[in-house]
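Text of data.csv, listed as CSV, C-alpha atoms:
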```csv
chain,number,residue,atom,x,y,z
N,20,MET,CA,236.0,-2.7,42.5
N,21,ALA,CA,234.8,0.8,41.6
N,22,ALA,CA,236.3,2.5,38.6
N,23,PHE,CA,237.8,6.0,38.4
N,24,VAL,CA,235.9,7.9,35.7
N,25,ARG,CA,236.5,11.3,34.3
N,26,VAL,CA,235.5,13.2,31.1
N,27,SER,CA,238.1,15.3,29.3
N,28,GLY,CA,237.6,17.7,26.4
N,29,PRO,CA,239.7,18.1,23.3
N,30,PRO,CA,243.3,19.4,23.9
N,31,ASN,CA,243.5,23.1,24.7
N,32,SER,CA,239.8,23.7,24.0
N,33,ASN,CA,236.4,23.5,25.5
N,34,PHE,CA,234.0,20.5,25.6
N,35,LEU,CA,231.5,22.6,23.7
N,36,VAL,CA,232.2,23.0,20.0
N,37,GLY,CA,229.9,25.3,17.9
N,38,TYR,CA,227.3,27.7,19.1
N,39,PRO,CA,224.1,26.4,20.6
N,40,GLY,CA,221.1,28.1,19.0
N,41,ILE,CA,222.9,28.5,15.6
N,42,SER,CA,222.2,25.4,13.5
N,43,ALA,CA,224.9,26.2,10.9
N,44,THR,CA,227.6,25.6,13.5
N,45,LEU,CA,226.4,22.1,14.5
N,46,PRO,CA,226.7,22.6,18.2
N,47,ARG,CA,228.1,19.5,19.9
N,48,ILE,CA,230.1,18.3,22.9
N,49,GLU,CA,233.3,16.5,22.1
N,50,GLY,CA,235.6,14.7,24.4
N,51,LYS,CA,236.5,11.2,25.8
N,52,VAL,CA,235.5,9.2,28.8
N,53,GLU,CA,238.6,7.9,30.6
N,54,ILE,CA,238.2,4.9,32.9
N,55,ARG,CA,241.0,3.7,35.2
N,56,PRO,CA,241.3,1.5,38.4
N,57,SER,CA,240.4,3.7,41.4
N,58,GLN,CA,242.2,1.7,44.2
N,59,GLY,CA,245.3,-0.4,43.8
N,60,TYR,CA,245.9,1.5,40.6
N,61,SER,CA,247.1,-1.5,38.7
N,62,ALA,CA,244.2,-3.8,39.7
N,63,PRO,CA,241.9,-4.3,36.8
N,64,VAL,CA,238.2,-3.3,36.9
N,65,ALA,CA,235.3,-5.2,35.6
N,66,ILE,CA,233.4,-3.2,32.9
N,67,SER,CA,230.2,-4.4,31.2
N,68,LEU,CA,228.8,-1.3,29.7
N,69,VAL,CA,229.5,2.4,29.3
N,70,ARG,CA,226.9,5.1,28.3
N,71,ILE,CA,227.0,8.9,28.2
N,72,CYS,CA,224.3,11.5,27.8
N,73,LEU,CA,223.8,15.3,28.3
N,74,GLN,CA,221.2,15.8,31.0
N,75,ARG,CA,219.3,19.0,31.7
N,76,ARG,CA,218.1,19.7,35.2
N,77,GLU,CA,215.7,22.4,36.0
N,78,THR,CA,214.3,23.6,39.3
N,79,ILE,CA,211.9,26.4,40.3
N,80,HIS,CA,211.0,27.7,43.8
N,81,PRO,CA,209.1,31.0,43.3
N,82,ALA,CA,208.9,31.5,47.1
N,83,ALA,CA,212.6,31.1,47.7
N,84,GLU,CA,213.3,34.9,48.1
N,85,ASN,CA,211.1,35.2,51.2
N,86,VAL,CA,212.2,33.3,54.3
N,87,ALA,CA,208.6,32.7,55.6
N,88,LYS,CA,207.2,31.7,52.2
N,89,ARG,CA,210.2,29.4,51.6
N,90,HIS,CA,209.0,27.2,54.4
N,91,LEU,CA,205.3,27.6,54.1
N,92,GLY,CA,204.9,28.0,50.3
N,93,THR,CA,205.0,25.3,47.6
N,94,PRO,CA,208.2,23.1,47.6
N,95,ARG,CA,210.9,23.3,45.0
N,96,ARG,CA,209.9,21.7,41.7
N,97,GLU,CA,212.4,19.8,39.6
N,98,THR,CA,212.5,18.2,36.1
N,99,THR,CA,215.3,16.2,34.5
N,100,ASP,CA,215.5,15.6,30.7
N,101,VAL,CA,218.0,14.0,28.4
N,102,VAL,CA,219.1,16.4,25.8
N,103,GLY,CA,219.3,14.8,22.3
N,104,LYS,CA,220.3,11.1,22.5
N,105,GLU,CA,222.2,8.9,24.9
N,106,LEU,CA,225.2,7.2,23.4
N,107,LEU,CA,226.4,3.6,24.0
N,108,LEU,CA,230.2,3.8,24.1
N,109,PHE,CA,231.1,0.3,25.1
N,110,ARG,CA,229.5,-3.1,25.7
N,111,CYS,CA,231.4,-6.3,26.6
N,112,GLN,CA,231.3,-9.3,24.3
N,113,SER,CA,228.0,-11.3,24.4
N,114,GLY,CA,228.1,-14.2,26.7
N,115,ARG,CA,230.5,-12.5,29.1
N,116,GLU,CA,229.5,-10.7,32.3
N,117,ALA,CA,232.2,-8.1,32.1
N,118,GLU,CA,235.6,-7.3,30.6
N,119,SER,CA,238.6,-7.0,32.9
N,120,VAL,CA,240.0,-3.6,32.1
N,121,ILE,CA,243.3,-1.9,33.0
N,122,ALA,CA,242.6,1.4,31.0
N,123,MET,CA,239.9,2.6,28.7
N,124,ASP,CA,239.6,5.8,26.6
N,125,LEU,CA,236.3,6.2,24.8
N,126,PRO,CA,236.0,9.3,22.5
N,127,PHE,CA,232.4,10.6,21.9
N,128,VAL,CA,230.5,13.4,20.2
N,129,LEU,CA,227.1,14.4,21.5
N,130,PHE,CA,225.1,16.6,19.1
N,131,ILE,CA,223.0,19.3,20.8
N,132,PRO,CA,219.6,19.7,19.2
N,133,PHE,CA,219.3,22.9,17.1
N,134,GLY,CA,215.7,22.6,15.6
N,135,ARG,CA,212.5,24.0,17.1
N,136,GLY,CA,211.1,20.5,17.0
N,137,GLY,CA,207.5,21.6,17.9
N,138,GLU,CA,206.4,19.6,20.9
N,139,GLU,CA,209.2,17.1,20.8
N,140,THR,CA,211.3,18.2,23.8
N,141,ASN,CA,214.4,16.2,22.8
N,142,ARG,CA,214.6,18.1,19.4
N,143,ARG,CA,214.2,21.6,20.8
N,144,ILE,CA,217.2,23.9,21.3
N,145,PRO,CA,218.0,23.6,25.0
N,146,PRO,CA,217.8,26.9,27.0
N,147,ALA,CA,221.0,28.4,28.4
N,148,SER,CA,222.4,27.6,31.8
N,149,LEU,CA,221.1,30.1,34.3
N,150,GLN,CA,220.7,30.5,38.1
N,151,LEU,CA,218.5,33.3,39.4
N,152,PRO,CA,219.2,35.0,42.7
N,153,SER,CA,218.1,32.9,45.8
N,154,ARG,CA,217.8,30.0,43.3
N,155,THR,CA,214.2,30.9,42.5
N,156,ALA,CA,214.8,29.3,39.1
N,157,GLU,CA,217.8,27.5,37.6
N,158,THR,CA,218.7,25.4,34.6
N,159,TYR,CA,222.0,23.5,34.5
N,160,TYR,CA,223.5,20.7,32.4
N,161,GLU,CA,225.8,17.8,33.2
N,162,LEU,CA,227.4,15.0,31.3
N,163,VAL,CA,226.2,11.8,32.9
N,164,VAL,CA,228.4,8.7,32.4
N,165,THR,CA,226.8,5.4,33.3
N,166,VAL,CA,229.2,2.5,34.0
N,167,GLN,CA,227.8,-1.0,34.5
N,168,GLN,CA,230.2,-3.3,36.4
N,169,GLY,CA,228.8,-6.8,36.2
N,170,HIS,CA,225.1,-7.5,36.9
N,171,SER,CA,224.6,-5.8,40.2
N,172,VAL,CA,226.8,-2.6,40.2
N,173,GLN,CA,225.8,0.4,38.2
N,174,ASN,CA,227.4,3.8,38.9
N,175,LYS,CA,226.6,7.2,37.5
N,176,TYR,CA,229.2,10.0,37.3
N,177,ALA,CA,228.0,13.6,36.6
N,178,PHE,CA,230.2,16.4,35.2
N,179,PRO,CA,228.8,19.9,35.0
N,180,VAL,CA,228.8,21.6,31.6
N,181,PRO,CA,227.9,25.3,31.3
N,182,LEU,CA,225.8,26.0,28.2
N,183,GLN,CA,225.1,29.4,26.5
N,184,ARG,CA,222.8,30.4,23.7
N,185,TYR,CA,223.9,32.6,20.8
N,186,ASP,CA,220.6,33.2,18.9
N,187,THR,CA,219.8,36.5,20.7
N,188,LEU,CA,223.0,38.4,19.8
N,189,SER,CA,222.2,42.1,19.2
N,190,THR,CA,224.3,42.1,16.0
N,191,PHE,CA,222.0,39.8,14.1
N,192,GLY,CA,220.1,41.6,11.4
N,193,MET,CA,216.6,40.3,12.5
N,194,TYR,CA,216.9,42.4,15.7
N,195,ASN,CA,218.1,45.6,13.9
N,196,LYS,CA,214.6,46.7,12.8
N,197,PRO,CA,212.6,49.4,14.4
N,198,GLU,CA,209.7,48.3,16.6
N,199,THR,CA,206.7,50.5,17.1
N,200,ARG,CA,203.6,50.4,19.5
N,201,THR,CA,200.7,52.8,19.9
N,202,SER,CA,198.3,53.1,22.7
N,203,PRO,CA,195.1,55.2,22.3
N,204,GLY,CA,194.5,55.9,26.1
N,205,ASP,CA,190.9,57.3,26.6
N,206,SER,CA,190.7,58.3,22.9
N,207,VAL,CA,191.6,62.0,23.6
N,208,VAL,CA,195.3,61.5,23.1
N,209,THR,CA,197.3,58.7,21.5
N,210,LEU,CA,200.8,57.6,22.7
N,211,GLY,CA,203.2,56.2,20.1
N,212,ILE,CA,206.6,54.7,21.0
N,213,SER,CA,209.4,53.3,18.8
N,214,VAL,CA,212.8,51.7,19.3
N,215,PRO,CA,215.5,51.5,16.5
N,216,LYS,CA,216.3,47.8,17.4
N,217,TRP,CA,215.0,45.3,19.9
N,218,SER,CA,218.0,43.2,21.2
N,219,TYR,CA,220.2,44.7,23.9
N,220,GLY,CA,222.9,43.6,26.4
N,221,PRO,CA,224.5,44.8,29.6
N,222,MET,CA,225.5,48.6,29.5
N,223,ASP,CA,223.9,49.0,26.0
N,224,PRO,CA,222.1,52.3,25.7
N,225,ILE,CA,218.4,52.0,24.8
N,226,THR,CA,216.8,55.0,23.0
N,227,VAL,CA,213.1,55.3,22.7
N,228,TYR,CA,211.2,57.8,20.4
N,229,ILE,CA,208.0,59.0,22.1
N,230,LYS,CA,205.2,60.9,20.4
N,231,LEU,CA,201.9,62.2,22.0
N,232,VAL,CA,199.3,63.1,19.4
N,233,PRO,CA,195.9,64.8,20.0
N,234,ASN,CA,192.8,63.0,18.6
N,235,LEU,CA,191.4,65.4,15.9
N,236,ASP,CA,187.8,64.4,16.7
N,237,TRP,CA,188.3,65.7,20.3
N,238,LEU,CA,190.7,68.5,19.5
N,239,LYS,CA,189.3,71.1,22.0
N,240,LYS,CA,189.4,68.6,24.8
N,241,ALA,CA,192.9,67.4,23.8
N,242,LEU,CA,194.4,70.9,23.8
N,243,LYS,CA,193.4,71.3,27.5
N,244,VAL,CA,195.7,68.3,28.4
N,245,THR,CA,199.0,69.0,30.2
N,246,ILE,CA,201.9,66.6,29.8
N,247,GLN,CA,203.3,66.3,33.2
N,248,LYS,CA,206.1,63.7,32.7
N,249,PHE,CA,207.2,60.5,30.9
N,250,ILE,CA,208.4,57.5,32.9
N,251,VAL,CA,210.5,55.0,30.9
N,252,SER,CA,211.3,51.7,32.5
N,253,ILE,CA,212.6,48.2,31.7
N,254,ASP,CA,210.6,45.4,33.3
N,255,GLU,CA,211.7,41.8,33.7
N,256,GLU,CA,208.7,39.4,33.7
N,257,ILE,CA,209.3,35.9,35.0
N,258,THR,CA,206.5,33.4,34.5
N,259,PHE,CA,206.9,30.3,36.7
N,260,ASN,CA,205.4,27.1,35.3
N,261,PRO,CA,204.3,28.7,32.0
N,262,GLU,CA,203.0,25.4,30.5
N,263,GLY,CA,201.4,24.1,33.8
N,264,ASP,CA,198.1,24.5,35.5
N,265,GLU,CA,198.7,27.6,37.6
N,266,PRO,CA,201.3,29.8,36.1
N,267,THR,CA,202.5,32.6,38.4
N,268,LYS,CA,204.1,35.9,37.2
N,269,LYS,CA,206.6,38.1,38.9
N,270,VAL,CA,207.6,41.5,37.6
N,271,ASN,CA,210.8,43.2,38.5
N,272,ARG,CA,211.7,46.8,37.5
N,273,ILE,CA,215.3,46.7,36.2
N,274,ALA,CA,215.8,50.3,35.3
N,275,LYS,CA,213.8,53.6,35.4
N,276,HIS,CA,214.1,57.1,34.0
N,277,THR,CA,211.7,60.0,34.6
N,278,HIS,CA,211.5,63.0,32.3
N,279,ASN,CA,209.6,66.0,33.5
N,280,VAL,CA,207.8,68.0,30.8
N,281,SER,CA,205.0,70.2,32.4
N,282,THR,CA,203.8,71.5,29.0
N,283,LYS,CA,200.4,71.9,27.4
N,284,LEU,CA,199.9,69.4,24.5
N,285,PRO,CA,200.4,71.4,21.2
N,286,GLU,CA,198.1,70.9,18.2
N,287,ALA,CA,200.9,69.2,16.2
N,288,GLY,CA,201.6,66.8,19.1
N,289,TYR,CA,204.7,66.4,21.3
N,290,ALA,CA,207.7,64.3,20.4
N,291,THR,CA,210.9,63.5,22.2
N,292,ASN,CA,213.8,61.0,22.4
N,293,LEU,CA,214.6,59.5,25.8
N,294,SER,CA,217.3,56.9,26.6
N,295,LEU,CA,218.4,54.7,29.5
N,296,VAL,CA,221.1,52.1,29.9
N,297,PHE,CA,220.4,48.4,30.6
N,298,PRO,CA,222.2,47.7,33.9
N,299,ALA,CA,225.1,45.3,34.2
N,300,LYS,CA,226.1,43.1,37.1
N,301,ASP,CA,229.6,43.7,38.3
N,302,LEU,CA,231.6,40.4,38.3
N,303,ARG,CA,234.5,41.9,40.3
N,304,ASP,CA,234.6,42.2,44.1
N,305,SER,CA,235.7,45.3,46.1
N,306,ASP,CA,239.4,44.5,45.3
N,307,GLY,CA,238.7,44.4,41.6
N,308,ILE,CA,239.1,40.6,41.4
N,309,ILE,CA,236.7,38.5,39.4
N,310,ARG,CA,235.1,36.0,41.7
N,311,ARG,CA,235.5,32.3,40.8
N,312,GLY,CA,232.3,31.1,39.0
N,313,LYS,CA,230.3,28.0,39.6
N,314,PRO,CA,231.3,25.1,37.3
N,315,ALA,CA,227.7,24.6,36.0
N,316,PHE,CA,227.0,28.3,35.3
N,317,PRO,CA,228.7,30.7,32.9
N,318,MET,CA,229.8,34.1,34.2
N,319,TYR,CA,227.1,36.5,33.0
N,320,GLU,CA,227.2,40.3,33.3
N,321,VAL,CA,223.4,40.3,33.7
N,322,THR,CA,221.3,38.8,36.4
N,323,SER,CA,218.9,37.3,33.8
N,324,PHE,CA,218.2,37.4,30.1
N,325,THR,CA,215.5,36.4,27.6
N,326,THR,CA,215.0,32.7,27.9
N,327,THR,CA,212.2,30.1,27.7
N,328,SER,CA,212.4,26.8,29.6
N,329,THR,CA,210.0,24.1,30.7
N,330,LEU,CA,209.4,25.4,34.2
N,331,TYR,CA,210.0,29.1,33.7
N,332,LYS,CA,210.1,31.9,31.1
N,333,ILE,CA,211.8,35.3,31.3
N,334,GLU,CA,210.7,38.2,29.1
N,335,PHE,CA,211.6,41.9,29.1
N,336,TYR,CA,209.5,44.9,28.2
N,337,LEU,CA,210.3,48.6,27.6
N,338,THR,CA,207.4,50.5,29.2
N,339,VAL,CA,206.6,54.2,28.6
N,340,LYS,CA,204.0,55.9,30.8
N,341,ALA,CA,202.8,59.4,30.0
N,342,GLN,CA,201.4,61.1,33.1
N,343,LEU,CA,198.8,63.7,32.0
N,344,SER,CA,196.3,66.1,33.6
N,345,SER,CA,192.8,66.5,32.2
N,346,ALA,CA,193.2,63.1,30.6
N,347,ARG,CA,193.9,59.6,31.8
N,348,ASP,CA,197.6,58.4,32.0
N,349,ILE,CA,198.6,56.3,29.0
N,350,THR,CA,201.0,53.4,29.0
N,351,ALA,CA,202.6,51.6,26.0
N,352,ARG,CA,205.2,48.8,26.0
N,353,ILE,CA,207.5,47.1,23.5
N,354,PRO,CA,208.9,43.6,24.1
N,355,LEU,CA,212.8,43.5,24.1
N,356,VAL,CA,215.2,40.7,23.7
N,357,ILE,CA,218.0,40.8,26.4
N,358,CYS,CA,221.2,39.1,25.5
N,359,PRO,CA,223.9,38.2,28.1
N,360,MET,CA,226.6,40.0,26.0
N,361,ASP,CA,226.9,43.6,25.2
N,362,GLN,CA,227.1,45.1,21.7
N,363,GLN,CA,230.9,44.9,21.4
N,364,ALA,CA,231.1,41.3,22.7
N,365,CYS,CA,228.4,40.3,20.2
N,366,LYS,CA,230.4,41.9,17.3
N,367,GLU,CA,233.5,40.0,18.3
N,368,GLU,CA,231.6,36.7,18.3
N,369,MET,CA,230.4,37.1,14.7
N,370,ASP,CA,233.7,36.2,13.0
N,371,ALA,CA,234.1,33.1,15.3
N,372,ILE,CA,230.5,32.0,14.5
N,373,GLU,CA,231.2,32.3,10.8
N,374,GLN,CA,234.4,30.2,11.2
N,375,ALA,CA,232.5,27.6,13.3
N,376,ALA,CA,229.9,27.3,10.5
N,377,LYS,CA,232.7,26.6,8.0
N,378,ASP,CA,234.2,24.0,10.2
N,379,ALA,CA,230.8,22.4,10.8
N,380,SER,CA,230.2,22.0,7.1
N,381,LEU,CA,232.9,19.4,7.0
N,382,VAL,CA,231.3,17.3,9.8
N,383,ASP,CA,229.0,14.4,8.9
N,384,GLN,CA,226.4,14.3,11.7
N,385,ASN,CA,225.6,10.6,11.0
N,386,ASN,CA,229.3,9.6,11.0
N,387,PRO,CA,231.5,12.1,12.8
N,388,MET,CA,235.2,11.2,12.4
N,389,LEU,CA,236.2,10.3,16.0
N,390,PRO,CA,239.6,9.3,17.2
N,391,ALA,CA,240.0,5.5,17.7
N,392,ARG,CA,239.1,4.2,21.1
N,393,SER,CA,241.7,2.7,23.3
N,394,ILE,CA,240.9,-0.3,25.5
N,395,VAL,CA,243.6,-2.2,27.4
N,396,LEU,CA,242.4,-5.5,28.9
N,397,ALA,CA,244.2,-7.2,31.8
N,398,ASN,CA,245.3,-10.2,29.7
N,399,ASP,CA,246.7,-8.0,26.9
N,400,LEU,CA,250.4,-8.2,26.2
N,401,ASP,CA,252.3,-5.4,28.0
N,402,ALA,CA,249.0,-4.2,29.6
N,403,LEU,CA,250.8,-2.8,32.7
N,404,LYS,CA,253.0,-0.7,30.4
N,405,THR,CA,250.0,1.5,29.9
N,406,LEU,CA,250.1,2.4,33.6
N,407,GLY,CA,253.9,2.8,33.6
N,408,LEU,CA,254.6,-0.5,35.3
N,409,CYS,CA,256.3,-3.8,34.5
N,410,ILE,CA,256.8,-7.2,36.2
N,411,VAL,CA,260.4,-7.8,37.5
N,412,GLY,CA,261.0,-11.0,39.5
N,413,GLY,CA,257.2,-11.5,40.0
N,414,GLN,CA,256.8,-8.0,41.4
N,415,LYS,CA,255.4,-4.8,39.9
N,416,LYS,CA,258.0,-2.1,39.4
N,417,PRO,CA,258.0,1.3,37.7
N,418,LEU,CA,258.8,0.9,34.0
N,419,ILE,CA,262.0,2.6,33.0
N,420,GLU,CA,262.4,2.6,29.2
```

In structure tokens, how does this file's structure come out?
Amino acid sequence: MAAFVRVSGPPNSNFLVGYPGISATLPRIEGKVEIRPSQGYSAPVAISLVRICLQRRETIHPAAENVAKRHLGTPRRETTDVVGKELLLFRCQSGREAESVIAMDLPFVLFIPFGRGGEETNRRIPPASLQLPSRTAETYYELVVTVQQGHSVQNKYAFPVPLQRYDTLSTFGMYNKPETRTSPGDSVVTLGISVPKWSYGPMDPITVYIKLVPNLDWLKKALKVTIQKFIVSIDEEITFNPEGDEPTKKVNRIAKHTHNVSTKLPEAGYATNLSLVFPAKDLRDSDGIIRRGKPAFPMYEVTSFTTTSTLYKIEFYLTVKAQLSSARDITARIPLVICPMDQQACKEEMDAIEQAAKDASLVDQNNPMLPARSIVLANDLDALKTLGLCIVGGQKKPLIE
């Protein structure tokens, strides 16, 4: 007889404990696997073995946005990996085919890898759950419980788990450093651009400092140059199959701002500050109600963010183009890190991350203190009491204590 299986998290909290991407918080999934009879709710079920793992499934279909290409282009590609290790939660006594079980609660803790781990996939920090529009690319996680019932029957039960990454928060010091790029163009004029920091989230303003400088060796020629306008844009670059044979790139313009100048280039050069806002995705419908999300994907206020996966990679660039007359146009670009949370949300997470790191310092990874497991076998004394039943006159009746 099939078993009823579910996974529940700790009381009043999420499955996920800690912050994936931040090793000091020992990111992990805590909970328990609950097994009960599924039909004739007091009839025992035969259980031989119970295992659990966190599984990552990834798919890409670059042609999915175009109806014609979707049918004629390459089919959807999919990979499935186990994140970290699979845990054995229960095995029946040797020499027996299965145990006859009335109820079973098996606590577990699955540690999520937090090291780069080089080429070892199972030691790398797993990328965040994400689904791009038209499902051109997606990454999602599920807890997979394998229940072996005797020799022949093996059932798998999957439970979606949304997973976020927290190592791109714009409040981390490593991102709060200016980033500069220069582009010499055709050697008459040089374009330099600089941003004060390089991690941003939805609705965060991005300010860029721009300077055009004449080349002193070609000063006469440079002073004839007219600056027509600056075009500042944020570009999303998706690389499908980055580690494969034929990687394909797709570039989307996320935001754009044009600043008209129409000025001759002065001898001292021309400098200005321009800014634009990284756009946010509205989670509310026309009535102002937040739509119900999908169980496998967190509710993000951005369509995509900086992430690297096995089958796809998403990067962002701030591009500045100087349109000139009497000289070639010059383009310079700076890579940006886009975080799914805005500056304020990132600030609010910092205290919680600090607390999670303190809590994690008390956890022994090799021997996490788990609650005791509870297994009620059919021949145990008062086994039916677990299900709220008792035997009265040879019949099963509700137990009234």

Select from segment 176-198 of chain N every residue with an atom at most 12 Å from any atom of segment 223-227 of chain N, then for each give the shortest pair of atoms and their distance in Å to one decimal, using only C-alpha atoms, rows by chain and rising number, as a Markdown table.
```
| residue | atom | partner | partner_atom | distance |
| --- | --- | --- | --- | --- |
| N:Ser189 | CA | N:Asp223 | CA | 9.8 |
| N:Pro197 | CA | N:Val227 | CA | 10.2 |
| N:Glu198 | CA | N:Val227 | CA | 9.9 |
```

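Residue nearest Lys216 of chain N within the list N:Val163, N:Ala21, N:Leu188, N:Ala65: N:Leu188 [criterion: smallest interatomic distance, only C-alpha atoms].
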
Counting all atoms listed in the file, what is within 12 Å of Arg55 of chain N, bar same-chain residues fewer than 6 positions away, as a ChimeraX atom specification?
/N:20-26,61-66,119-125,166,393-397,405-406

May I have the protein, DNA and RNA residues with any atom at most 8 Å from the point (206.0, 66.6, 24.9), counting only C-alpha atoms, written as a VMD selection string?
chain N and resid 230 to 231 246 280 282 284 288 to 291

Residues within 6 Å of Thr209 of chain N, please, as a list in words. Count all atoms listed in the file; anything in the same chain fewer than 5 positions from it doesn't count.
Ser202, Pro203, Leu231 and Val232 of chain N

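Closest approach to Lys175 of chain N from the set N:Asp264, N:Glu161, N:Asp304, N:Asp401 is made by N:Glu161, with distances taken over only C-alpha atoms.
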
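Distance annotation: of N:Thr78, N:Thr201, N:Ser57, N:Ser206, the residue with the minimal separation from Glu97 of chain N is N:Thr78; atom set is only C-alpha atoms.
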
Residues within 12 Å of Tyr331 of chain N, all atoms listed in the file, excluding chain neighbours under 4 positions, as a compact mmCIF listing (two decimals) with C-alpha atoms, keeping the file's coordinate frame:
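And here's part21.txt as it stands now:
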```txt
# COMPACT_ATOMS: atom_id res chain seq x y z
CA GLU N 77 215.70 22.40 36.00
CA THR N 78 214.30 23.60 39.30
CA ILE N 79 211.90 26.40 40.30
CA HIS N 80 211.00 27.70 43.80
CA PRO N 81 209.10 31.00 43.30
CA ARG N 96 209.90 21.70 41.70
CA GLU N 97 212.40 19.80 39.60
CA THR N 98 212.50 18.20 36.10
CA PRO N 146 217.80 26.90 27.00
CA LEU N 149 221.10 30.10 34.30
CA GLN N 150 220.70 30.50 38.10
CA LEU N 151 218.50 33.30 39.40
CA THR N 155 214.20 30.90 42.50
CA ALA N 156 214.80 29.30 39.10
CA GLU N 157 217.80 27.50 37.60
CA THR N 158 218.70 25.40 34.60
CA GLU N 256 208.70 39.40 33.70
CA ILE N 257 209.30 35.90 35.00
CA THR N 258 206.50 33.40 34.50
CA PHE N 259 206.90 30.30 36.70
CA ASN N 260 205.40 27.10 35.30
CA PRO N 261 204.30 28.70 32.00
CA GLU N 262 203.00 25.40 30.50
CA GLY N 263 201.40 24.10 33.80
CA PRO N 266 201.30 29.80 36.10
CA THR N 267 202.50 32.60 38.40
CA LYS N 268 204.10 35.90 37.20
CA LYS N 269 206.60 38.10 38.90
CA THR N 325 215.50 36.40 27.60
CA THR N 326 215.00 32.70 27.90
CA THR N 327 212.20 30.10 27.70
```

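Proximity of N:Arg311, N:Arg352, N:Arg392, N:Arg184 to Cys365 of chain N, computed with all atoms listed in the file, is greatest for N:Arg184.
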
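Reported to one decimal place, the separation of atom CA of Phe133 of chain N from atom CA of Gly220 of chain N is 23.0 Å.
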